[in-house]
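What follows is the content of work10.pdb, which has PDB, C-alpha atoms:
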ATOM      1  CA  GLU A 976      -8.817 110.789  68.744
ATOM      2  CA  ASN A 977      -8.853 109.106  65.364
ATOM      3  CA  LEU A 978     -10.450 105.721  64.941
ATOM      4  CA  ASP A 979      -7.943 103.152  63.687
ATOM      5  CA  THR A 980      -4.959 105.462  63.446
ATOM      6  CA  GLY A 981      -2.776 102.519  62.521
ATOM      7  CA  THR A 982       0.120 103.799  64.634
ATOM      8  CA  VAL A 983       2.597 100.957  65.129
ATOM      9  CA  LEU A 984       4.318 101.042  68.507
ATOM     10  CA  TYR A 985       6.497  97.992  68.062
ATOM     11  CA  GLU A 986       6.808  95.338  65.395
ATOM     12  CA  ARG A 987       9.136  92.532  64.463
ATOM     13  CA  ASN A 988       8.726  90.353  61.365
ATOM     14  CA  ALA A 989       5.163  91.627  61.017
ATOM     15  CA  ASP A 990       4.947  90.501  57.393
ATOM     16  CA  GLU A 991       6.432  87.027  57.924
ATOM     17  CA  GLN A 992       4.036  84.279  56.845
ATOM     18  CA  ARG A 993       3.523  81.655  59.559
ATOM     19  CA  PRO A 994       1.095  78.932  60.625
ATOM     20  CA  ILE A 995      -1.440  80.509  62.987
ATOM     21  CA  ALA A 996      -3.042  77.541  64.773
ATOM     22  CA  SER A 997      -6.306  78.447  66.534
ATOM     23  CA  LEU A 998      -6.031  82.145  65.729
ATOM     24  CA  THR A 999      -7.818  80.849  62.627
ATOM     25  CA  LYS A1000     -10.953  80.663  64.769
ATOM     26  CA  MET A1001     -11.117  84.457  64.934
ATOM     27  CA  MET A1002     -12.209  84.436  61.296
ATOM     28  CA  THR A1003     -14.528  81.467  61.861
ATOM     29  CA  CYS A1004     -16.372  83.257  64.648
ATOM     30  CA  LEU A1005     -16.313  86.611  62.847
ATOM     31  CA  LEU A1006     -18.081  85.058  59.844
ATOM     32  CA  LEU A1007     -20.604  83.496  62.183
ATOM     33  CA  ALA A1008     -21.238  86.843  63.881
ATOM     34  CA  GLU A1009     -21.657  88.494  60.477
ATOM     35  CA  SER A1010     -23.838  85.728  59.014
ATOM     36  CA  GLY A1011     -27.152  87.020  60.341
ATOM     37  CA  LEU A1012     -28.151  83.489  61.362
ATOM     38  CA  ASP A1013     -30.241  82.946  64.497
ATOM     39  CA  LEU A1014     -27.641  81.967  67.090
ATOM     40  CA  ASP A1015     -30.245  80.396  69.369
ATOM     41  CA  GLU A1016     -32.043  78.151  66.884
ATOM     42  CA  ALA A1017     -31.402  74.486  67.655
ATOM     43  CA  PHE A1018     -30.222  72.178  64.870
ATOM     44  CA  ALA A1019     -28.808  68.669  64.630
ATOM     45  CA  VAL A1020     -25.091  68.008  64.098
ATOM     46  CA  PRO A1021     -24.869  66.260  60.702
ATOM     47  CA  GLU A1022     -23.583  62.735  60.191
ATOM     48  CA  GLU A1023     -21.343  63.984  57.375
ATOM     49  CA  LEU A1024     -19.040  65.644  59.930
ATOM     50  CA  SER A1025     -18.130  62.276  61.492
ATOM     51  CA  PRO A1026     -14.880  61.897  59.470
ATOM     52  CA  GLU A1027     -13.862  65.434  60.417
ATOM     53  CA  PHE A1028     -14.500  64.735  64.113
ATOM     54  CA  ALA A1029     -12.442  61.538  63.869
ATOM     55  CA  ARG A1030      -9.549  63.416  62.250
ATOM     56  CA  ILE A1031      -9.619  66.100  64.957
ATOM     57  CA  ARG A1032      -9.254  63.424  67.633
ATOM     58  CA  SER A1033      -6.535  61.582  65.706
ATOM     59  CA  GLU A1034      -4.504  64.804  65.559
ATOM     60  CA  ASN A1035      -5.001  65.441  69.288
ATOM     61  CA  GLY A1036      -7.086  68.546  68.716
ATOM     62  CA  ALA A1037      -9.298  69.968  71.434
ATOM     63  CA  TYR A1038     -12.933  68.889  71.113
ATOM     64  CA  ILE A1039     -16.224  69.275  72.993
ATOM     65  CA  ASP A1040     -17.395  65.769  72.030
ATOM     66  CA  LEU A1041     -20.121  66.704  69.569
ATOM     67  CA  GLN A1042     -22.054  63.727  68.214
ATOM     68  CA  PRO A1043     -24.025  63.332  64.968
ATOM     69  CA  GLY A1044     -27.679  63.984  65.752
ATOM     70  CA  GLU A1045     -26.896  66.141  68.789
ATOM     71  CA  GLU A1046     -29.145  69.197  69.108
ATOM     72  CA  VAL A1047     -27.026  72.327  69.501
ATOM     73  CA  THR A1048     -27.155  76.089  68.917
ATOM     74  CA  LEU A1049     -24.669  78.307  67.139
ATOM     75  CA  ARG A1050     -24.317  80.445  70.263
ATOM     76  CA  ASP A1051     -23.154  77.488  72.335
ATOM     77  CA  LEU A1052     -20.815  76.407  69.534
ATOM     78  CA  ALA A1053     -19.343  79.910  69.337
ATOM     79  CA  TYR A1054     -18.514  79.870  73.040
ATOM     80  CA  CYS A1055     -16.948  76.412  72.680
ATOM     81  CA  THR A1056     -14.845  77.674  69.790
ATOM     82  CA  MET A1057     -13.778  80.902  71.485
ATOM     83  CA  LEU A1058     -13.233  79.752  75.086
ATOM     84  CA  PRO A1059     -11.742  76.219  75.223
ATOM     85  CA  SER A1060     -10.951  76.488  71.483
ATOM     86  CA  THR A1061     -12.605  73.228  70.476
ATOM     87  CA  ASN A1062     -12.235  72.189  66.860
ATOM     88  CA  ASP A1063     -15.387  70.104  66.383
ATOM     89  CA  SER A1064     -17.476  73.150  67.325
ATOM     90  CA  ALA A1065     -15.656  75.274  64.718
ATOM     91  CA  SER A1066     -16.283  72.634  62.044
ATOM     92  CA  THR A1067     -19.968  72.487  62.940
ATOM     93  CA  ILE A1068     -20.270  76.279  62.748
ATOM     94  CA  ALA A1069     -18.664  76.194  59.307
ATOM     95  CA  TRP A1070     -21.065  73.511  58.079
ATOM     96  CA  ARG A1071     -24.082  75.392  59.434
ATOM     97  CA  VAL A1072     -23.058  78.743  57.944
ATOM     98  CA  ALA A1073     -21.847  77.628  54.515
ATOM     99  CA  GLY A1074     -23.183  74.106  53.969
ATOM    100  CA  SER A1075     -19.733  72.510  53.833
ATOM    101  CA  LEU A1076     -16.248  72.976  55.230
ATOM    102  CA  ASP A1077     -14.779  73.799  51.810
ATOM    103  CA  ALA A1078     -17.425  76.433  51.119
ATOM    104  CA  PHE A1079     -16.733  78.037  54.472
ATOM    105  CA  VAL A1080     -12.972  78.100  53.858
ATOM    106  CA  ALA A1081     -13.714  79.954  50.614
ATOM    107  CA  GLN A1082     -15.723  82.504  52.606
ATOM    108  CA  MET A1083     -12.840  82.891  55.073
ATOM    109  CA  ASN A1084     -10.379  83.670  52.298
ATOM    110  CA  ALA A1085     -12.768  86.084  50.602
ATOM    111  CA  ARG A1086     -13.378  87.971  53.865
ATOM    112  CA  ALA A1087      -9.636  88.166  54.529
ATOM    113  CA  LYS A1088      -9.148  89.847  51.151
ATOM    114  CA  GLU A1089     -11.989  92.267  51.911
ATOM    115  CA  LEU A1090     -10.199  93.233  55.115
ATOM    116  CA  GLY A1091      -7.021  94.005  53.190
ATOM    117  CA  CYS A1092      -5.060  90.880  54.065
ATOM    118  CA  THR A1093      -2.403  90.154  51.456
ATOM    119  CA  ASP A1094      -0.483  87.206  52.936
ATOM    120  CA  THR A1095      -3.248  85.100  54.469
ATOM    121  CA  THR A1096      -4.457  81.734  53.240
ATOM    122  CA  PHE A1097      -6.944  79.669  55.193
ATOM    123  CA  SER A1098      -6.988  75.947  54.388
ATOM    124  CA  CYS A1099      -9.134  74.746  57.303
ATOM    125  CA  VAL A1100     -11.777  76.225  59.578
ATOM    126  CA  HIS A1101      -9.980  75.866  62.928
ATOM    127  CA  GLY A1102      -6.205  75.914  62.378
ATOM    128  CA  LEU A1103      -5.494  72.426  63.695
ATOM    129  CA  TYR A1104      -4.179  71.362  60.285
ATOM    130  CA  ASP A1105      -1.106  73.544  59.795
ATOM    131  CA  TYR A1106      -0.396  72.789  56.155
ATOM    132  CA  GLY A1107      -1.213  75.810  53.987
ATOM    133  CA  ASN A1108      -3.035  77.607  56.811
ATOM    134  CA  VAL A1109      -0.940  80.742  57.178
ATOM    135  CA  SER A1110      -1.057  84.456  57.879
ATOM    136  CA  THR A1111       1.102  87.287  59.159
ATOM    137  CA  ALA A1112       0.970  89.419  62.282
ATOM    138  CA  GLU A1113       0.083  92.404  60.113
ATOM    139  CA  ASP A1114      -2.846  90.605  58.464
ATOM    140  CA  LEU A1115      -4.077  89.201  61.767
ATOM    141  CA  ALA A1116      -4.149  92.718  63.185
ATOM    142  CA  LYS A1117      -6.651  93.608  60.439
ATOM    143  CA  ILE A1118      -8.801  90.553  61.169
ATOM    144  CA  ALA A1119      -8.600  91.239  64.899
ATOM    145  CA  ALA A1120      -9.729  94.842  64.419
ATOM    146  CA  ALA A1121     -12.854  93.606  62.606
ATOM    147  CA  CYS A1122     -13.505  91.159  65.437
ATOM    148  CA  TYR A1123     -13.005  93.895  68.026
ATOM    149  CA  ALA A1124     -15.597  96.064  66.287
ATOM    150  CA  ASN A1125     -18.187  93.250  66.338
ATOM    151  CA  GLU A1126     -20.259  93.267  69.520
ATOM    152  CA  THR A1127     -21.430  89.661  69.156
ATOM    153  CA  TYR A1128     -17.881  88.427  68.727
ATOM    154  CA  MET A1129     -16.529  90.411  71.672
ATOM    155  CA  GLN A1130     -19.280  89.252  73.996
ATOM    156  CA  ALA A1131     -17.908  85.723  73.668
ATOM    157  CA  ALA A1132     -14.268  86.772  73.533
ATOM    158  CA  ASN A1133     -14.551  88.627  76.862
ATOM    159  CA  THR A1134     -16.155  85.674  78.662
ATOM    160  CA  LEU A1135     -14.076  83.669  81.139
ATOM    161  CA  THR A1136     -16.524  80.815  81.784
ATOM    162  CA  TYR A1137     -19.742  79.672  80.131
ATOM    163  CA  THR A1138     -22.262  76.981  80.982
ATOM    164  CA  LEU A1139     -23.252  74.653  78.180
ATOM    165  CA  PRO A1140     -26.779  73.332  78.656
ATOM    166  CA  ALA A1141     -27.584  69.650  78.596
ATOM    167  CA  THR A1142     -28.457  68.277  75.163
ATOM    168  CA  ASN A1143     -30.263  65.212  73.860
ATOM    169  CA  LEU A1144     -26.877  63.410  73.881
ATOM    170  CA  HIS A1145     -25.146  65.046  76.870
ATOM    171  CA  GLN A1146     -27.384  64.785  79.902
ATOM    172  CA  ASN A1147     -25.461  67.159  82.175
ATOM    173  CA  GLU A1148     -24.593  70.844  81.992
ATOM    174  CA  ARG A1149     -20.909  71.502  81.362
ATOM    175  CA  THR A1150     -18.847  74.540  82.298
ATOM    176  CA  ILE A1151     -16.189  75.643  79.842
ATOM    177  CA  LYS A1152     -13.361  78.108  80.494
ATOM    178  CA  SER A1153     -11.388  80.453  78.276
ATOM    179  CA  THR A1154      -7.801  79.635  77.340
ATOM    180  CA  ASN A1155      -7.112  83.396  77.685
ATOM    181  CA  LEU A1156      -5.920  83.354  81.286
ATOM    182  CA  MET A1157      -5.482  87.128  81.343
ATOM    183  CA  LEU A1158      -9.270  87.295  81.806
ATOM    184  CA  ASP A1159      -9.041  85.280  85.046
ATOM    185  CA  PRO A1160      -8.887  87.507  88.187
ATOM    186  CA  GLU A1161      -7.087  84.716  90.074
ATOM    187  CA  TYR A1162      -4.291  84.474  87.500
ATOM    188  CA  ALA A1163      -0.904  86.102  88.168
ATOM    189  CA  TYR A1164      -0.927  88.034  84.873
ATOM    190  CA  HIS A1165      -4.598  88.994  84.931
ATOM    191  CA  ARG A1166      -5.163  92.534  83.696
ATOM    192  CA  ASP A1167      -8.442  94.430  84.006
ATOM    193  CA  TYR A1168      -7.716  96.239  80.756
ATOM    194  CA  VAL A1169      -7.589  93.092  78.596
ATOM    195  CA  ARG A1170     -10.388  92.740  76.044
ATOM    196  CA  GLY A1171     -10.778  89.194  74.823
ATOM    197  CA  MET A1172      -9.549  87.708  71.624
ATOM    198  CA  LYS A1173      -7.795  84.376  71.007
ATOM    199  CA  THR A1174      -4.971  82.001  71.842
ATOM    200  CA  GLY A1175      -3.419  79.344  69.627
ATOM    201  CA  PHE A1176      -0.843  76.574  69.734
ATOM    202  CA  THR A1177       0.457  73.808  67.538
ATOM    203  CA  THR A1178       4.010  72.462  67.519
ATOM    204  CA  LEU A1179       4.623  74.080  64.140
ATOM    205  CA  ALA A1180       2.916  77.392  64.903
ATOM    206  CA  GLY A1181       4.341  77.814  68.397
ATOM    207  CA  ARG A1182       2.456  79.835  70.978
ATOM    208  CA  CYS A1183       0.206  82.478  69.469
ATOM    209  CA  PHE A1184      -1.910  85.170  71.077
ATOM    210  CA  VAL A1185      -4.048  88.074  69.901
ATOM    211  CA  THR A1186      -5.594  90.439  72.392
ATOM    212  CA  PHE A1187      -6.662  94.025  72.941
ATOM    213  CA  ALA A1188      -6.308  96.317  75.909
ATOM    214  CA  GLN A1189      -8.425  99.347  76.766
ATOM    215  CA  GLN A1190      -7.630 101.877  79.451
ATOM    216  CA  ASP A1191      -7.786 105.650  79.946
ATOM    217  CA  GLY A1192      -9.304 106.248  76.516
ATOM    218  CA  HIS A1193      -6.645 104.280  74.678
ATOM    219  CA  THR A1194      -7.038 100.926  72.966
ATOM    220  CA  TYR A1195      -4.102  98.807  71.880
ATOM    221  CA  GLY A1196      -3.974  95.578  69.919
ATOM    222  CA  LEU A1197      -1.295  92.916  70.159
ATOM    223  CA  VAL A1198      -0.483  89.973  67.892
ATOM    224  CA  ILE A1199       2.204  87.476  68.900
ATOM    225  CA  LEU A1200       3.063  84.587  66.576
ATOM    226  CA  GLY A1201       5.520  81.736  66.938
ATOM    227  CA  SER A1202       6.573  82.538  70.489
ATOM    228  CA  ASN A1203       8.703  80.059  72.393
ATOM    229  CA  SER A1204       8.056  81.941  75.612
ATOM    230  CA  GLN A1205       7.250  79.851  78.649
ATOM    231  CA  ASN A1206       4.466  82.307  79.440
ATOM    232  CA  ILE A1207       2.948  84.237  76.564
ATOM    233  CA  PHE A1208       0.535  85.998  78.948
ATOM    234  CA  ARG A1209       3.406  87.462  80.974
ATOM    235  CA  GLU A1210       4.895  88.650  77.699
ATOM    236  CA  ALA A1211       1.610  90.346  76.755
ATOM    237  CA  ALA A1212       1.234  91.893  80.215
ATOM    238  CA  GLU A1213       4.738  93.369  79.999
ATOM    239  CA  LEU A1214       4.026  94.880  76.595
ATOM    240  CA  PHE A1215       0.702  96.380  77.633
ATOM    241  CA  ASP A1216       2.041  97.678  80.956
ATOM    242  CA  TRP A1217       4.855  99.352  79.024
ATOM    243  CA  ALA A1218       2.432 100.908  76.529
ATOM    244  CA  PHE A1219       0.135 102.296  79.199
ATOM    245  CA  THR A1220       2.890 103.662  81.446
ATOM    246  CA  SER A1221       5.468 104.883  78.916
ATOM    247  CA  PRO A1222       5.567 108.688  79.218
ATOM    248  CA  GLU A1223       6.172 109.137  75.526
ATOM    249  CA  LEU A1224       5.292 106.565  72.893
ATOM    250  CA  HIS A1225       7.198 106.425  69.611
ATOM    251  CA  PRO A1226       6.408 104.387  66.478
ATOM    252  CA  ALA A1227       9.193 102.099  67.721
ATOM    253  CA  PRO A1228      11.141 102.200  71.012
ATOM    254  CA  ALA A1229      14.293 104.271  70.469
ATOM    255  CA  GLU A1230      16.523 102.168  72.697
ATOM    256  CA  PRO A1231      16.603  98.382  73.058
ATOM    257  CA  GLU A1232      16.634  98.613  76.849
ATOM    258  CA  ALA A1233      13.324 100.494  76.710
ATOM    259  CA  GLU A1234      11.631  97.383  75.323
ATOM    260  CA  PRO A1235      10.302  94.481  77.355
ATOM    261  CA  GLU A1236      12.314  91.309  76.908
ATOM    262  CA  LYS A1237      11.762  89.644  73.523
ATOM    263  CA  HIS A1238      11.867  85.963  72.762
ATOM    264  CA  GLY A1239      12.662  85.751  69.059
ATOM    265  CA  LEU A1240       8.971  85.957  68.281
ATOM    266  CA  SER A1241       7.035  87.637  65.538
ATOM    267  CA  ALA A1242       5.168  90.406  67.295
ATOM    268  CA  PHE A1243       3.004  93.124  65.856
ATOM    269  CA  TRP A1244       2.133  95.882  68.268
ATOM    270  CA  HIS A1245      -0.600  97.962  66.841
ATOM    271  CA  LYS A1246      -2.388 101.012  68.185
ATOM    272  CA  VAL A1247      -5.912 100.672  66.893
ATOM    273  CA  PHE A1248      -7.541 103.732  68.373
ATOM    274  CA  GLY A1249      -5.946 107.085  69.051
TER     275      GLY A1249
END

Translate the structure described by the file into structure tokens.
Amino acid sequence: ENLDTGTVLYERNADEQRPIASLTKMMTCLLLAESGLDLDEAFAVPEELSPEFARIRSENGAYIDLQPGEEVTLRDLAYCTMLPSTNDSASTIAWRVAGSLDAFVAQMNARAKELGCTDTTFSCVHGLYDYGNVSTAEDLAKIAAACYANETYMQAANTLTYTLPATNLHQNERTIKSTNLMLDPEYAYHRDYVRGMKTGFTTLAGRCFVTFAQQDGHTYGLVILGSNSQNIFREAAELFDWAFTSPELHPAPAEPEAEPEKHGLSAFWHKVFG
């Protein structure tokens, strides 16, 4: 079996540029994982992020309630960013890695180019601010493949719940849970074969989801952008179930009735390993 065969099983509008909401955080956490920084070294959240935290709240973004002067670790921030998809944690990671949000955004765009992305522009570190923060399903498949190959990234991405320790400004432990419900054994569309990745939603971006599935020696990747589906996880489960059970896979399904139901979304269905 060939690593990264690039065989496309199904795609629709894979090169259409769209806002990507919190799928942005895949790149944020990938850069953290690749930074070589000590993930367990405590540091203080800087005062200079206060305006950013205020903007996140004003735009109704998810947050973990970080405070200037709070002692945190990059590992805990990574789990906050990957699981409940909090934006203040992503901003703090960016500041810690690059020294400023703008410098980190520059790193994000440079890494995207390195990965072969041609239609991706990051304008913020978390995706909450839609304007100018765009990519395509095809580009996100490339970013997702790099994430999938990174053990540190996938350790967080495959985690359903995580306990945040008490800090100098939060006196109690807190348990956080992944927005990827397919990891939850009690969820109707839970699948044992699912391997992490990331959800996203803003009104402009619609419902977005990137995930991988691994079973019987085969690994598949899925990128869904701009879905108006009532349940994007059911959609993903249908696609994966079809891929794993279809007796003969073609680059694209030959007959429309052979496909799972589609919802006018931009989906890129990408076989990553043979």

Of the candidates A:Cys1055, A:Ala1017, A:Leu1103, A:Ile1068, which shows the shortest atom-to-atom distance to A:Arg1032, using all atoms listed in the file?
A:Leu1103

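Among A:Ala1037, A:Cys1099, A:Leu1156, A:Ala1019, the residue with the shortest atom-to-atom distance to A:Thr1134, counting only C-alpha atoms, is A:Leu1156.
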
Residues near stretch 1143-1154 of chain A, anyone? I mean within 7 Å using all atoms listed in the file, not counting same-chain ones fewer than 2 positions away, as a PyMOL selection string.
chain A and resi 1045-1046+1058-1059+1135-1141+1156+1174

Suppose you want the space between atom CA of A:Thr1220 and atom CA of A:His1193; what is it in Å?
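So the answer is 11.7 Å.
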
Find the spatial neighbours of A:Val1169, counting all atoms listed in the file, within a cut-off of 9 Å - ignore same-chain residues fewer than 6 positions away - and output them as number ranges by chain.
A: 1133, 1157-1158, 1186-1190, 1215

For A:Arg1071, which residue out of A:Ile1031, A:Leu1041, A:Leu1014, A:Ala1211 is the nearest one, using all atoms listed in the file?
A:Leu1014

With all atoms listed in the file as the counted atoms, please give the residues lying no more than 9 Å from A:Leu1024, apart from itself and same-chain residues fewer than 5 positions off, as an mmCIF file with C-alpha atoms, keeping the file's coordinate frame.
data_model
loop_
_atom_site.group_PDB
_atom_site.id
_atom_site.type_symbol
_atom_site.label_atom_id
_atom_site.label_comp_id
_atom_site.auth_asym_id
_atom_site.auth_seq_id
_atom_site.Cartn_x
_atom_site.Cartn_y
_atom_site.Cartn_z
ATOM 1 C CA ALA A 1029 -12.442 61.538 63.869
ATOM 2 C CA PRO A 1043 -24.025 63.332 64.968
ATOM 3 C CA ASP A 1063 -15.387 70.104 66.383
ATOM 4 C CA SER A 1066 -16.283 72.634 62.044
ATOM 5 C CA THR A 1067 -19.968 72.487 62.940
ATOM 6 C CA TRP A 1070 -21.065 73.511 58.079
#

Mind giving me the axis-aligned box for stretch 1072-1089 of chain A with 5 Å on every side, centre plus edges in Å to one decimal, as lines of an AutoDock Vina configuration file?
center_x = -16.2
center_y = 82.4
center_z = 54.3
size_x = 24.0
size_y = 29.8
size_z = 17.3

Any idea what the distance is between atom CA of A:Leu1006 and atom CA of A:Tyr1168?
25.9 Å

For A:Tyr1123: contacts at 10 Å, only C-alpha atoms, fewer than 3 positions along chain excluded, given as a list in words:
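Once the nearby chain positions are removed, what remains is Leu1005, Lys1117, Ile1118, Ala1119, Ala1120, Glu1126, Thr1127, Tyr1128, Met1129, Gln1130, Ala1132, Arg1170, Gly1171, Met1172, Thr1186, Phe1187, Gly1196 and Val1247 of chain A.
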
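Our summary of the geometry notes that atom CA of A:Pro994 is positioned 4.4 Å from atom CA of A:Val1109.
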
With distances taken over all atoms listed in the file, which residue among A:Met1083, A:Cys1122, A:Ala1212, A:Leu1197 lies nearest A:Thr1095?
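Of A:Met1083, A:Cys1122, A:Ala1212, A:Leu1197, the one nearest A:Thr1095, counting all atoms listed in the file, is A:Met1083.
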
Give me stretch 1072-1081 of chain A with all heavy atoms filled in, as a PDB file, in the frame of the given file.
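Printed below is part32.pdb as written:
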ATOM      1  N   VAL A1072     -23.065  77.440  58.621  1.00  0.00           N
ATOM      2  CA  VAL A1072     -23.058  78.743  57.944  1.00  0.00           C
ATOM      3  C   VAL A1072     -22.998  78.594  56.428  1.00  0.00           C
ATOM      4  O   VAL A1072     -23.701  79.289  55.689  1.00  0.00           O
ATOM      5  CB  VAL A1072     -21.879  79.616  58.436  1.00  0.00           C
ATOM      6  CG1 VAL A1072     -21.742  80.882  57.593  1.00  0.00           C
ATOM      7  CG2 VAL A1072     -22.074  79.979  59.905  1.00  0.00           C
ATOM      8  N   ALA A1073     -22.144  77.677  55.958  1.00  0.00           N
ATOM      9  CA  ALA A1073     -21.847  77.628  54.515  1.00  0.00           C
ATOM     10  C   ALA A1073     -22.298  76.352  53.816  1.00  0.00           C
ATOM     11  O   ALA A1073     -22.244  76.280  52.593  1.00  0.00           O
ATOM     12  CB  ALA A1073     -20.347  77.814  54.297  1.00  0.00           C
ATOM     13  N   GLY A1074     -22.716  75.341  54.591  1.00  0.00           N
ATOM     14  CA  GLY A1074     -23.183  74.106  53.969  1.00  0.00           C
ATOM     15  C   GLY A1074     -22.120  73.041  53.813  1.00  0.00           C
ATOM     16  O   GLY A1074     -22.430  71.871  53.642  1.00  0.00           O
ATOM     17  N   SER A1075     -20.836  73.468  53.871  1.00  0.00           N
ATOM     18  CA  SER A1075     -19.733  72.510  53.833  1.00  0.00           C
ATOM     19  C   SER A1075     -18.480  73.202  54.340  1.00  0.00           C
ATOM     20  O   SER A1075     -18.399  74.440  54.352  1.00  0.00           O
ATOM     21  CB  SER A1075     -19.484  71.991  52.417  1.00  0.00           C
ATOM     22  OG  SER A1075     -18.863  72.981  51.620  1.00  0.00           O
ATOM     23  N   LEU A1076     -17.497  72.406  54.735  1.00  0.00           N
ATOM     24  CA  LEU A1076     -16.248  72.976  55.230  1.00  0.00           C
ATOM     25  C   LEU A1076     -15.518  73.727  54.118  1.00  0.00           C
ATOM     26  O   LEU A1076     -14.997  74.830  54.332  1.00  0.00           O
ATOM     27  CB  LEU A1076     -15.354  71.872  55.813  1.00  0.00           C
ATOM     28  CG  LEU A1076     -15.939  71.088  56.989  1.00  0.00           C
ATOM     29  CD1 LEU A1076     -14.912  70.090  57.518  1.00  0.00           C
ATOM     30  CD2 LEU A1076     -16.397  72.013  58.114  1.00  0.00           C
ATOM     31  N   ASP A1077     -15.474  73.159  52.926  1.00  0.00           N
ATOM     32  CA  ASP A1077     -14.779  73.799  51.810  1.00  0.00           C
ATOM     33  C   ASP A1077     -15.414  75.132  51.443  1.00  0.00           C
ATOM     34  O   ASP A1077     -14.706  76.119  51.158  1.00  0.00           O
ATOM     35  CB  ASP A1077     -14.776  72.883  50.584  1.00  0.00           C
ATOM     36  CG  ASP A1077     -13.827  71.707  50.746  1.00  0.00           C
ATOM     37  OD1 ASP A1077     -12.994  71.733  51.676  1.00  0.00           O
ATOM     38  OD2 ASP A1077     -13.925  70.757  49.953  1.00  0.00           O
ATOM     39  N   ALA A1078     -16.737  75.180  51.448  1.00  0.00           N
ATOM     40  CA  ALA A1078     -17.425  76.433  51.119  1.00  0.00           C
ATOM     41  C   ALA A1078     -17.135  77.506  52.162  1.00  0.00           C
ATOM     42  O   ALA A1078     -16.984  78.689  51.838  1.00  0.00           O
ATOM     43  CB  ALA A1078     -18.929  76.196  51.006  1.00  0.00           C
ATOM     44  N   PHE A1079     -17.029  77.077  53.413  1.00  0.00           N
ATOM     45  CA  PHE A1079     -16.733  78.037  54.472  1.00  0.00           C
ATOM     46  C   PHE A1079     -15.303  78.553  54.361  1.00  0.00           C
ATOM     47  O   PHE A1079     -15.046  79.752  54.548  1.00  0.00           O
ATOM     48  CB  PHE A1079     -16.967  77.404  55.847  1.00  0.00           C
ATOM     49  CG  PHE A1079     -16.944  78.398  56.980  1.00  0.00           C
ATOM     50  CD1 PHE A1079     -18.065  79.147  57.288  1.00  0.00           C
ATOM     51  CD2 PHE A1079     -15.796  78.591  57.737  1.00  0.00           C
ATOM     52  CE1 PHE A1079     -18.053  80.071  58.331  1.00  0.00           C
ATOM     53  CE2 PHE A1079     -15.762  79.506  58.773  1.00  0.00           C
ATOM     54  CZ  PHE A1079     -16.895  80.246  59.073  1.00  0.00           C
ATOM     55  N   VAL A1080     -14.355  77.674  54.051  1.00  0.00           N
ATOM     56  CA  VAL A1080     -12.972  78.100  53.858  1.00  0.00           C
ATOM     57  C   VAL A1080     -12.895  79.152  52.747  1.00  0.00           C
ATOM     58  O   VAL A1080     -12.156  80.145  52.864  1.00  0.00           O
ATOM     59  CB  VAL A1080     -12.062  76.896  53.551  1.00  0.00           C
ATOM     60  CG1 VAL A1080     -10.688  77.360  53.060  1.00  0.00           C
ATOM     61  CG2 VAL A1080     -11.914  76.013  54.787  1.00  0.00           C
ATOM     62  N   ALA A1081     -13.668  78.956  51.692  1.00  0.00           N
ATOM     63  CA  ALA A1081     -13.714  79.954  50.614  1.00  0.00           C
ATOM     64  C   ALA A1081     -14.214  81.298  51.133  1.00  0.00           C
ATOM     65  O   ALA A1081     -13.689  82.365  50.761  1.00  0.00           O
ATOM     66  CB  ALA A1081     -14.588  79.458  49.467  1.00  0.00           C
TER      67      ALA A1081
END
